[in-house]
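Enquirer: This structure is in structure tokens; I'll ask about it shortly.
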Amino acid sequence: MKRIIITGALGQIGSELVGKLQGIYGVDNVLATDIRPAAQENGPFQLLDVTDGQRMYNLAKDFKADTMMHMAALLSATAEEKPLLAWNLNMGGLVNALEASRELGMQFFTPSSIGAFGPSTPKKNTPQDTLQRPTTMYGVNKVAGELLCDYYFQKFGVDTRGVRFPGLVSYVAQPGGGTTDYAVDIYYKAIEQQQYTSYIKSGTYMDMMYMPDALQSIVELMEADASRLEHRNSFNVTAMSFEPEEIAASIRKHIPDFKLSYDVDPIRQAIADSWPDSIDASAAKKEWGFQAQYDLDAMTADMLEKLKIKLQNV
């Protein structure tokens, strides 16, 4: 990677990925794009609706990009509220990004998700290669996207790569319509109110990862020797699996009076129940050396420290 174009650059992952890549490859070598204008531009930025394939192609060509990172998508809970919009945006944008990559010879990355699994997938230590029959539009989009990326590699030789992210926790971006967003919002409420009402019920385990580990995994996969990759797309990656009571207990090590209550959202709970409790990342470890650095307590300590600073400056 030397010249990188990123779609969805103002989203949950993109907003932090841009800075990560700028720090490695240089500010002027990363073109950030999004459908809405950036509040503050730090480096090249262009407006882009990813359903406009011609503009996407033109921007990548004019920038002389050698890598496309396609991050634009509607997340799980939002996709259930607007399924047709999710299909058109998630799949239409992906096809446009793959076509631009094919035509311009770009390396390609897009994230999949544990949402690509479904209720019939093994829930414990979910294998890399397993049954995938999701029951959400977001999950359907992700499975279709995984297969489409494999197709573009096999049919056209596009250097497609991707990971299946678990829930991502970050102090930078606000929650954006995902089922796992409670694991972000709970830290805000812990600092601001010393209490949180969870829309996910007690005992619901979901895989999670702290954003610094997620960003590092993208860079490591994209820089990995292609000859080592037995898989191309949708490597399982994970750092931890916890349920709401466990994250609350971790917070209480820093905020002893923190209280957790519940008001379960049936839509997001149903989505969570269809996902694995824990996943097996051994393929990513073997093929490109994936290794997460943060566990739950390390993440909690860093989140609370960073959020206290952030909220004081608001």
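A note on labels: chains of the structure tokens are A, B, ... as shown, every chain counts residues from 1, and ligands are counted from 1 in their shown order.
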Could you give me, as a list in words, the residues within 6 Å of segment 56-69 of chain A, counting only C-alpha atoms and dropping anything in the same chain fewer than 2 positions from it?

Expert: Arg3, Ile4, Ile5, Ile6, Gly53, Gln54, Ala100, Met106, Gln107, Phe108, Phe109 and Thr110 of chain A

Enquirer: Based on the selection just made, write N, CA and C atoms of those residues as a PDB file, in the first residue's frame.

Expert:
```
ATOM      1  N   ARG A   3      -0.736   4.414  -1.947  1.00  0.00           N
ATOM      2  CA  ARG A   3      -1.737   5.460  -2.162  1.00  0.00           C
ATOM      3  C   ARG A   3      -3.105   4.829  -1.922  1.00  0.00           C
ATOM      4  N   ILE A   4      -3.839   5.318  -0.931  1.00  0.00           N
ATOM      5  CA  ILE A   4      -5.021   4.622  -0.435  1.00  0.00           C
ATOM      6  C   ILE A   4      -6.239   5.523  -0.516  1.00  0.00           C
ATOM      7  N   ILE A   5      -7.349   5.007  -1.061  1.00  0.00           N
ATOM      8  CA  ILE A   5      -8.634   5.691  -1.028  1.00  0.00           C
ATOM      9  C   ILE A   5      -9.539   4.940  -0.060  1.00  0.00           C
ATOM     10  N   ILE A   6     -10.236   5.678   0.810  1.00  0.00           N
ATOM     11  CA  ILE A   6     -11.104   5.083   1.818  1.00  0.00           C
ATOM     12  C   ILE A   6     -12.522   5.614   1.638  1.00  0.00           C
ATOM     13  N   GLY A  53     -20.849   4.775  -8.956  1.00  0.00           N
ATOM     14  CA  GLY A  53     -19.657   4.037  -9.329  1.00  0.00           C
ATOM     15  C   GLY A  53     -18.689   4.828 -10.186  1.00  0.00           C
ATOM     16  N   GLN A  54     -19.215   5.673 -11.065  1.00  0.00           N
ATOM     17  CA  GLN A  54     -18.341   6.440 -11.947  1.00  0.00           C
ATOM     18  C   GLN A  54     -17.507   7.448 -11.167  1.00  0.00           C
ATOM     19  N   ALA A 100     -14.120  -0.769  -9.475  1.00  0.00           N
ATOM     20  CA  ALA A 100     -13.044   0.221  -9.565  1.00  0.00           C
ATOM     21  C   ALA A 100     -11.693  -0.433  -9.297  1.00  0.00           C
ATOM     22  N   MET A 106      -6.264  -2.148  -8.228  1.00  0.00           N
ATOM     23  CA  MET A 106      -6.013  -1.809  -6.832  1.00  0.00           C
ATOM     24  C   MET A 106      -6.131  -3.030  -5.923  1.00  0.00           C
ATOM     25  N   GLN A 107      -5.331  -3.046  -4.861  1.00  0.00           N
ATOM     26  CA  GLN A 107      -5.549  -3.972  -3.761  1.00  0.00           C
ATOM     27  C   GLN A 107      -6.838  -3.542  -3.061  1.00  0.00           C
ATOM     28  N   PHE A 108      -7.547  -4.496  -2.448  1.00  0.00           N
ATOM     29  CA  PHE A 108      -8.893  -4.192  -1.961  1.00  0.00           C
ATOM     30  C   PHE A 108      -9.110  -4.757  -0.566  1.00  0.00           C
ATOM     31  N   PHE A 109      -9.705  -3.944   0.309  1.00  0.00           N
ATOM     32  CA  PHE A 109     -10.111  -4.399   1.638  1.00  0.00           C
ATOM     33  C   PHE A 109     -11.530  -3.940   1.927  1.00  0.00           C
ATOM     34  N   THR A 110     -12.332  -4.839   2.486  1.00  0.00           N
ATOM     35  CA  THR A 110     -13.611  -4.455   3.071  1.00  0.00           C
ATOM     36  C   THR A 110     -13.871  -5.350   4.270  1.00  0.00           C
TER      37      THR A 110
END
```

Enquirer: Got a sec: who's within 10 Å of Pro83 of chain A, counting only C-alpha atoms, leaving out chain neighbours fewer than 6 positions off, as a list in words?

Expert: Leu74, Ser76, Ala77, Leu89, Thr136, Met137, Tyr138 and Asn141 of chain A

Enquirer: Can you list, as a PDB file with C-alpha atoms, in the first residue's frame, every protein, DNA or RNA residue that comes within 9 Å of Glu230 of chain A when you count only C-alpha atoms, leaving out same-chain residues fewer than 4 positions away?

Expert:
```
ATOM      1  CA  ALA A 226      -0.049 -13.081  -0.298  1.00  0.00           C
ATOM      2  CA  ALA A 283      -6.645 -19.055  10.740  1.00  0.00           C
ATOM      3  CA  GLU A 287      -1.743 -17.099   7.980  1.00  0.00           C
TER       4      GLU A 287
END
```

Enquirer: Have a look at A:Tyr210, A:Tyr151, A:Phe242, A:Tyr262 and name the one nearest to Val184 of chain A; count only C-alpha atoms.

Expert: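 Residue with the minimum atom-to-atom distance to Val184 of chain A: A:Tyr210.
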
Enquirer: Write down as a ChimeraX atom specification the residues of segment 74-291 of chain A whose backbone DSSP state falls under strand (DSSP E or B).

Expert: /A:107-109,112-113,126,160-161,163-165,167-169,195-198,206-210,235-236,240-242,259-262,279

Enquirer: Let me see the file: selected residues, N, CA and C atoms, as a short mmCIF file (atom, residue, chain, number, x, y, z; two decimals), in the first residue's frame.

Expert:
```cif
data_model
loop_
_atom_site.label_atom_id
_atom_site.label_comp_id
_atom_site.auth_asym_id
_atom_site.auth_seq_id
_atom_site.Cartn_x
_atom_site.Cartn_y
_atom_site.Cartn_z
N GLN A 107 -5.33 -3.05 -4.86
CA GLN A 107 -5.55 -3.97 -3.76
C GLN A 107 -6.84 -3.54 -3.06
N PHE A 108 -7.55 -4.50 -2.45
CA PHE A 108 -8.89 -4.19 -1.96
C PHE A 108 -9.11 -4.76 -0.57
N PHE A 109 -9.70 -3.94 0.31
CA PHE A 109 -10.11 -4.40 1.64
C PHE A 109 -11.53 -3.94 1.93
N SER A 112 -15.97 -7.67 6.85
CA SER A 112 -17.20 -8.40 7.13
C SER A 112 -17.44 -8.33 8.64
N SER A 113 -18.25 -9.22 9.16
CA SER A 113 -18.71 -9.09 10.55
C SER A 113 -19.17 -10.44 11.07
N THR A 126 -16.68 -20.40 17.21
CA THR A 126 -17.15 -20.53 15.82
C THR A 126 -15.99 -20.66 14.84
N THR A 160 -8.21 -9.16 -3.15
CA THR A 160 -9.20 -8.85 -2.13
C THR A 160 -8.82 -9.48 -0.80
N ARG A 161 -9.02 -8.72 0.28
CA ARG A 161 -8.73 -9.20 1.63
C ARG A 161 -9.77 -8.62 2.59
N VAL A 163 -11.62 -9.10 6.93
CA VAL A 163 -11.75 -9.75 8.24
C VAL A 163 -13.22 -9.72 8.66
N ARG A 164 -13.60 -10.65 9.52
CA ARG A 164 -14.91 -10.59 10.17
C ARG A 164 -14.72 -9.93 11.53
N PHE A 165 -15.10 -8.68 11.61
CA PHE A 165 -14.95 -7.98 12.88
C PHE A 165 -16.03 -8.39 13.87
N GLY A 167 -17.87 -7.00 17.63
CA GLY A 167 -18.23 -5.66 18.05
C GLY A 167 -16.99 -4.85 18.32
N LEU A 168 -16.96 -3.60 17.88
CA LEU A 168 -15.79 -2.75 18.05
C LEU A 168 -16.07 -1.65 19.06
N VAL A 169 -15.15 -1.48 19.99
CA VAL A 169 -15.29 -0.50 21.06
C VAL A 169 -14.27 0.61 20.85
N GLN A 195 -24.29 5.20 35.84
CA GLN A 195 -25.28 4.14 35.65
C GLN A 195 -25.57 3.97 34.16
N TYR A 196 -26.07 2.78 33.82
CA TYR A 196 -26.38 2.51 32.42
C TYR A 196 -27.54 1.53 32.34
N THR A 197 -28.45 1.77 31.39
CA THR A 197 -29.55 0.84 31.12
C THR A 197 -29.24 0.12 29.81
N SER A 198 -29.03 -1.18 29.91
CA SER A 198 -28.61 -1.97 28.75
C SER A 198 -29.81 -2.46 27.95
N MET A 206 -21.13 -11.72 23.51
CA MET A 206 -20.77 -11.36 22.14
C MET A 206 -19.28 -11.09 22.07
N ASP A 207 -18.70 -11.41 20.94
CA ASP A 207 -17.29 -11.12 20.73
C ASP A 207 -17.08 -9.63 20.57
N MET A 208 -15.96 -9.15 21.09
CA MET A 208 -15.63 -7.72 21.02
C MET A 208 -14.14 -7.54 20.75
N MET A 209 -13.81 -6.33 20.30
CA MET A 209 -12.41 -5.96 20.06
C MET A 209 -12.26 -4.46 20.26
N TYR A 210 -11.16 -4.06 20.85
CA TYR A 210 -10.86 -2.64 21.02
C TYR A 210 -10.33 -2.08 19.70
N PHE A 235 -11.42 -13.25 7.41
CA PHE A 235 -10.74 -13.94 8.51
C PHE A 235 -11.46 -13.62 9.82
N ASN A 236 -11.75 -14.64 10.61
CA ASN A 236 -12.22 -14.40 11.97
C ASN A 236 -11.14 -13.69 12.77
N MET A 240 -11.92 -10.67 22.74
CA MET A 240 -12.57 -11.00 24.01
C MET A 240 -14.04 -11.30 23.76
N SER A 241 -14.65 -12.01 24.68
CA SER A 241 -16.09 -12.26 24.64
C SER A 241 -16.63 -12.00 26.04
N PHE A 242 -17.65 -11.15 26.15
CA PHE A 242 -18.21 -10.85 27.46
C PHE A 242 -19.69 -10.54 27.36
N LYS A 259 -23.83 1.47 38.41
CA LYS A 259 -25.00 0.58 38.47
C LYS A 259 -25.45 0.23 37.04
N LEU A 260 -25.83 -1.02 36.87
CA LEU A 260 -26.30 -1.52 35.57
C LEU A 260 -27.73 -2.02 35.71
N SER A 261 -28.62 -1.56 34.83
CA SER A 261 -29.99 -2.05 34.77
C SER A 261 -30.32 -2.44 33.33
N TYR A 262 -31.55 -2.92 33.11
CA TYR A 262 -31.89 -3.47 31.79
C TYR A 262 -33.25 -2.98 31.31
N ILE A 279 -15.59 -16.74 18.85
CA ILE A 279 -15.16 -17.23 17.53
C ILE A 279 -13.69 -17.64 17.57
#
```

Enquirer: In Å, rounded to a single decimal, give me how far atom CA of Asp34 of chain A is from atom CA of Leu10 of chain A.

Expert: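 That distance, rounded to one decimal, is 6.3 Å.
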
Enquirer: Which residue out of A:Ile247, A:Leu98, A:Ala79, A:Ala183 has the minimum interatomic distance to Phe153 of chain A when only C-alpha atoms are used?

Expert: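 Using only C-alpha atoms, the shortest distance to Phe153 of chain A belongs to A:Leu98.
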
Enquirer: Which of these residues is nearest to Glu246 of chain A, using only C-alpha atoms: A:Ala284, A:Ala270, A:Ile186, A:Leu17?

Expert: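 Closest to Glu246 of chain A of all the choices is A:Ile186.
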
Enquirer: May I have all residues of segment 82-138 of chain A that DSSP, computed from the backbone, assigns to helix (DSSP H, G or I), given as a list in words?

Expert: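 So the helix (DSSP H, G or I) residues in segment 82-138 of chain A would be Pro83, Leu84, Leu85, Ala86, Trp87, Asn88, Leu89, Asn90, Met91, Gly92, Gly93, Leu94, Val95, Asn96, Ala97, Leu98, Glu99, Ala100, Ser101, Arg102, Glu103, Leu104, Ile114, Gly115, Ala116, Met137 and Tyr138 of chain A.
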
Enquirer: Would you pick out the contacts of Phe117 of chain A at 10 Å or less, using only C-alpha atoms, so that residues sharing its chain but fewer than 2 positions from it are not included, and give the list as a PyMOL selection string?

Expert: chain A and resi 113-115+119-123+126+130-136+139-140+142-143+164+274-276

Enquirer: Find, counting only C-alpha atoms, the residue in A:Gly289, A:Pro266, A:Pro244, A:Gly118 that gets nearest to Glu223 of chain A.

Expert: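 Residue with the minimum atom-to-atom distance to Glu223 of chain A: A:Gly289.
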